[in-house]
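Down below is the structure, laid out as structure tokens.
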Number of protein chains: 2
Amino acid sequence: MMKSAQVVTALSALAQPTRLAIFRLLVVRGIDGMAAGQIADKLKVSPANLSFHVKTLTHAGLISQRQDGRFVYYAANFTAMNAMLAYLTENCCAGTACELENKQC
Amino acid sequence: MMKSAQVVTALSALAQPTRLAIFRLLVVRGIDGMAAGQIADKLKVSPANLSFHVKTLTHAGLISQRQDGRFVYYAANFTAMNAMLAYLTENCCAGTACELENKQC
DNA sequence: TAATTGTTTTAATAATTCTTTAATCGTATA
DNA sequence: TATACGATTAAAGAATTATTAAAACAATTA
């Protein structure tokens, strides 16, 4: 079970256009992930700025990194993402009668 | 389909301890919602500060308001919440082979 | 070892966000 | 109409966050 402060950290990490784009890119990529330079090229962000943003996502636990030669690969952490999503819908409608109208809630 | 900027607005709205608490409270409450003063009491937040935060959540489309006498009731907008959650998991792992390990992705 | 490539860090500035207090607005009741 | 109650707004200062450029670091190759 996730704590409120962790969830705020994760949401803050995603609440920025560049970081949201990075995360979505990595979600689509799956477990192999993508090298820092590739991400920077694809999103047209400077290397320094990319480093700044992936650091924020990493601290939030939403992505992981692995080194391969002089490349650093980043990948989405699906467990953390799912825990965050679950926190938002938890105990929805006090457990009653809302499956009728909503998908996850 | 939600646009990136809308999702950033929604995530920013939730990425703050007081607002996350307000939203979770309203998610549990369901469609009836809760009056501003009740929320403020429950979360031990000043009326002015509560107004500030519900305004942010309202602008993000995550909650709605309805007036009843001199009370203003706020309720979670489940459609917006689900759209935001869907955006994050969209096209996960390019559509391949990750149902094996994850719940939503 | 020197040079190159990929990435990160630092420092500075610019921009945004949060909290508090006081004043204001709207609805209901005496 | 005057008063009370619930809620919102406005203004100010404090705190946090984003962007840029330059320097530094780490791994590879000449």
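Chain identifiers are assigned as A, B, and so on, following the order in which chains appear in the structure tokens; residues are numbered from 1 within each chain, and ligands are numbered from 1 in order of appearance.
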Practice problem: Identify every residue of chain B that has at least one atom within 9 Å of any atom of chain D, counting only C-alpha atoms (C1' of nucleotides), and report the result as a list in words. | Solution: Ala36, Gly37, Pro47, Ala48, Ser51, Phe52, Arg70, Phe71 and Val72 of chain B
Keeping only C-alpha atoms, take the residues you just selected and write them out as a compact mmCIF listing (two decimals), in the first residue's frame.
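Saved file selection26.txt follows:
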```
# COMPACT_ATOMS: atom_id res chain seq x y z
CA ALA B 36 -17.06 22.70 1.23
CA GLY B 37 -17.24 23.26 4.98
CA PRO B 47 -12.02 27.77 4.36
CA ALA B 48 -9.95 30.10 2.18
CA SER B 51 -11.61 27.22 -1.77
CA PHE B 52 -8.24 27.75 -3.39
CA ARG B 70 -25.85 28.24 1.18
CA PHE B 71 -23.81 25.07 0.91
CA VAL B 72 -21.68 24.21 -2.07
```
Practice problem: For chain B, report every residue with an atom at most 9 Å from chain A (counting only C-alpha atoms), formatted as number ranges by chain. | Solution: B: 4-5, 7-17, 20-21, 23-24, 26-31, 78-79, 81-82, 85, 87-96, 98, 101-105
Could you save the residues just selected, with N, CA and C atoms, as a compact mmCIF listing (two decimals), in the first residue's frame?
```txt
# COMPACT_ATOMS: atom_id res chain seq x y z
N SER B 4 -2.49 15.93 -24.03
CA SER B 4 -1.41 15.97 -23.05
C SER B 4 -1.56 17.12 -22.06
N ALA B 5 -1.88 18.31 -22.55
CA ALA B 5 -1.98 19.48 -21.67
C ALA B 5 -3.08 19.31 -20.62
N VAL B 7 -4.08 16.45 -19.41
CA VAL B 7 -3.61 15.45 -18.46
C VAL B 7 -2.62 16.08 -17.49
N VAL B 8 -1.74 16.94 -17.99
CA VAL B 8 -0.79 17.64 -17.12
C VAL B 8 -1.56 18.49 -16.10
N THR B 9 -2.59 19.16 -16.56
CA THR B 9 -3.41 19.97 -15.65
C THR B 9 -4.04 19.11 -14.56
N ALA B 10 -4.58 17.96 -14.97
CA ALA B 10 -5.21 17.05 -14.00
C ALA B 10 -4.18 16.50 -13.01
N LEU B 11 -3.04 16.08 -13.53
CA LEU B 11 -1.99 15.53 -12.65
C LEU B 11 -1.47 16.61 -11.70
N SER B 12 -1.28 17.83 -12.19
CA SER B 12 -0.83 18.93 -11.34
C SER B 12 -1.83 19.20 -10.22
N ALA B 13 -3.09 19.11 -10.58
CA ALA B 13 -4.13 19.34 -9.59
C ALA B 13 -4.04 18.32 -8.46
N LEU B 14 -3.74 17.09 -8.80
CA LEU B 14 -3.68 16.04 -7.78
C LEU B 14 -2.33 15.97 -7.07
N ALA B 15 -1.34 16.65 -7.62
CA ALA B 15 0.02 16.52 -7.10
C ALA B 15 0.29 17.48 -5.95
N GLN B 16 -0.57 17.49 -4.98
CA GLN B 16 -0.44 18.38 -3.83
C GLN B 16 -1.21 17.72 -2.69
N PRO B 17 -0.59 17.61 -1.52
CA PRO B 17 -1.18 16.80 -0.44
C PRO B 17 -2.63 17.12 -0.11
N LEU B 20 -4.92 16.14 -3.06
CA LEU B 20 -5.04 14.68 -3.20
C LEU B 20 -5.99 14.16 -2.13
N ALA B 21 -5.89 14.70 -0.92
CA ALA B 21 -6.78 14.28 0.17
C ALA B 21 -8.23 14.64 -0.15
N PHE B 23 -9.57 15.05 -3.11
CA PHE B 23 -10.06 14.20 -4.20
C PHE B 23 -10.38 12.80 -3.71
N ARG B 24 -9.50 12.22 -2.92
CA ARG B 24 -9.73 10.87 -2.40
C ARG B 24 -11.00 10.82 -1.55
N LEU B 26 -13.57 12.67 -1.88
CA LEU B 26 -14.72 12.77 -2.79
C LEU B 26 -14.91 11.50 -3.61
N VAL B 27 -13.82 10.82 -3.92
CA VAL B 27 -13.93 9.54 -4.64
C VAL B 27 -14.67 8.54 -3.76
N VAL B 28 -14.32 8.53 -2.48
CA VAL B 28 -15.00 7.60 -1.56
C VAL B 28 -16.46 8.00 -1.39
N ARG B 29 -16.73 9.28 -1.32
CA ARG B 29 -18.08 9.78 -1.14
C ARG B 29 -19.04 9.41 -2.26
N GLY B 30 -18.52 9.36 -3.48
CA GLY B 30 -19.39 9.06 -4.62
C GLY B 30 -20.16 10.25 -5.13
N ILE B 31 -21.25 10.00 -5.85
CA ILE B 31 -21.93 11.06 -6.59
C ILE B 31 -22.58 12.14 -5.73
N PHE B 78 -15.78 11.13 -12.15
CA PHE B 78 -15.15 9.83 -12.42
C PHE B 78 -14.76 9.66 -13.88
N THR B 79 -15.52 10.27 -14.75
CA THR B 79 -15.18 10.19 -16.18
C THR B 79 -13.82 10.82 -16.45
N MET B 81 -11.44 11.35 -14.25
CA MET B 81 -10.40 10.55 -13.59
C MET B 81 -10.02 9.35 -14.45
N ASN B 82 -11.02 8.65 -14.95
CA ASN B 82 -10.73 7.46 -15.75
C ASN B 82 -10.02 7.81 -17.06
N LEU B 85 -6.38 8.32 -16.14
CA LEU B 85 -5.70 7.05 -15.87
C LEU B 85 -5.44 6.30 -17.17
N TYR B 87 -4.98 7.51 -20.11
CA TYR B 87 -3.92 8.18 -20.88
C TYR B 87 -2.54 7.66 -20.49
N LEU B 88 -2.37 7.40 -19.21
CA LEU B 88 -1.06 6.96 -18.72
C LEU B 88 -0.68 5.56 -19.19
N THR B 89 -1.67 4.71 -19.35
CA THR B 89 -1.38 3.31 -19.69
C THR B 89 -1.54 3.03 -21.19
N GLU B 90 -1.97 4.03 -21.93
CA GLU B 90 -2.26 3.88 -23.35
C GLU B 90 -1.07 3.33 -24.16
N ASN B 91 -1.38 2.36 -24.97
CA ASN B 91 -0.36 1.76 -25.85
C ASN B 91 0.82 1.16 -25.09
N CYS B 92 0.53 0.75 -23.89
CA CYS B 92 1.56 0.15 -23.03
C CYS B 92 2.27 -0.98 -23.73
N CYS B 93 3.61 -0.98 -23.64
CA CYS B 93 4.46 -2.02 -24.21
C CYS B 93 4.14 -2.28 -25.67
N ALA B 94 3.73 -1.23 -26.36
CA ALA B 94 3.37 -1.32 -27.78
C ALA B 94 2.33 -2.41 -28.04
N GLY B 95 1.56 -2.71 -27.02
CA GLY B 95 0.47 -3.68 -27.18
C GLY B 95 0.85 -5.14 -27.03
N THR B 96 2.10 -5.42 -26.68
CA THR B 96 2.56 -6.82 -26.64
C THR B 96 3.02 -7.30 -25.28
N CYS B 98 2.68 -7.77 -22.13
CA CYS B 98 2.94 -7.33 -20.77
C CYS B 98 1.77 -7.60 -19.84
N GLU B 101 2.74 -9.69 -16.65
CA GLU B 101 3.31 -9.24 -15.39
C GLU B 101 2.54 -8.15 -14.67
N ASN B 102 1.68 -7.46 -15.43
CA ASN B 102 1.04 -6.30 -14.81
C ASN B 102 -0.48 -6.38 -14.88
N LYS B 103 -1.09 -5.64 -14.00
CA LYS B 103 -2.54 -5.66 -13.91
C LYS B 103 -3.20 -4.88 -15.05
N GLN B 104 -2.86 -3.58 -15.12
CA GLN B 104 -3.59 -2.72 -16.05
C GLN B 104 -2.88 -2.55 -17.37
N CYS B 105 -1.63 -2.91 -17.34
CA CYS B 105 -0.82 -2.66 -18.54
C CYS B 105 -0.58 -3.95 -19.29
```
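Remark: for chain A, the closest of the candidate residues C:DT8, C:DA15, C:DT1, C:DT21 is C:DT8 (distances computed over only C-alpha atoms (C1' of nucleotides)).
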Using only C-alpha atoms (C1' of nucleotides), tabulate the residues of chain C lying at most 12 Å from any atom of chain A, each with its closest atom pair and that distance in Å to one decimal, by chain and increasing residue number, as a tab-separated table.
```
residue	atom	partner	partner_atom	distance
C:DT4	C1'	A:Arg70	CA	11.8
C:DT5	C1'	A:Arg70	CA	8.1
C:DG6	C1'	A:Arg70	CA	5.8
C:DT7	C1'	A:Pro47	CA	7.4
C:DT8	C1'	A:Ser51	CA	6.5
C:DT9	C1'	A:Ala48	CA	8.7
C:DT10	C1'	A:Ala48	CA	11.0
```
I need the chosen residues saved as a short mmCIF file (atom, residue, chain, number, x, y, z; two decimals), in the first residue's frame, with N, CA and C atoms (P, O5', C5', C4', C3', O3' and C1' of nucleotides).
```cif
data_model
loop_
_atom_site.label_atom_id
_atom_site.label_comp_id
_atom_site.auth_asym_id
_atom_site.auth_seq_id
_atom_site.Cartn_x
_atom_site.Cartn_y
_atom_site.Cartn_z
P DT C 4 38.82 14.61 -30.82
"O5'" DT C 4 37.63 13.59 -30.51
"C5'" DT C 4 37.72 12.23 -30.97
"C4'" DT C 4 36.49 11.48 -30.48
"C3'" DT C 4 35.19 12.29 -30.49
"O3'" DT C 4 34.20 11.53 -31.15
"C1'" DT C 4 35.50 11.27 -28.38
P DT C 5 32.80 12.11 -31.57
"O5'" DT C 5 31.83 11.31 -30.60
"C5'" DT C 5 31.93 9.89 -30.48
"C4'" DT C 5 31.10 9.43 -29.31
"C3'" DT C 5 29.72 10.09 -29.20
"O3'" DT C 5 28.74 9.09 -29.07
"C1'" DT C 5 30.87 10.23 -27.14
P DG C 6 27.19 9.42 -29.12
"O5'" DG C 6 26.78 9.29 -27.59
"C5'" DG C 6 26.87 8.02 -26.94
"C4'" DG C 6 26.54 8.21 -25.47
"C3'" DG C 6 25.21 8.94 -25.20
"O3'" DG C 6 24.44 8.13 -24.33
"C1'" DG C 6 26.98 9.92 -23.96
P DT C 7 23.00 8.61 -23.82
"O5'" DT C 7 23.37 9.36 -22.47
"C5'" DT C 7 24.06 8.64 -21.43
"C4'" DT C 7 24.46 9.58 -20.32
"C3'" DT C 7 23.31 10.37 -19.70
"O3'" DT C 7 23.02 9.80 -18.44
"C1'" DT C 7 25.34 11.63 -19.87
P DT C 8 21.95 10.44 -17.45
"O5'" DT C 8 22.86 11.42 -16.57
"C5'" DT C 8 23.98 10.89 -15.87
"C4'" DT C 8 24.69 12.00 -15.12
"C3'" DT C 8 23.80 12.79 -14.17
"O3'" DT C 8 24.40 12.72 -12.89
"C1'" DT C 8 25.08 14.25 -15.55
P DT C 9 23.68 13.42 -11.63
"O5'" DT C 9 24.47 14.79 -11.49
"C5'" DT C 9 25.89 14.77 -11.39
"C4'" DT C 9 26.44 16.18 -11.33
"C3'" DT C 9 25.71 17.09 -10.33
"O3'" DT C 9 26.71 17.60 -9.46
"C1'" DT C 9 25.93 18.15 -12.45
P DT C 10 26.31 18.43 -8.14
"O5'" DT C 10 26.62 19.94 -8.55
"C5'" DT C 10 27.80 20.24 -9.31
"C4'" DT C 10 27.74 21.68 -9.78
"C3'" DT C 10 27.02 22.65 -8.83
"O3'" DT C 10 27.88 23.75 -8.59
"C1'" DT C 10 26.21 22.89 -11.04
#
```
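The gap separating CA of Ile22 (chain B) from CA of Ser64 (chain B) is 12.5 Å, in Å to one decimal.
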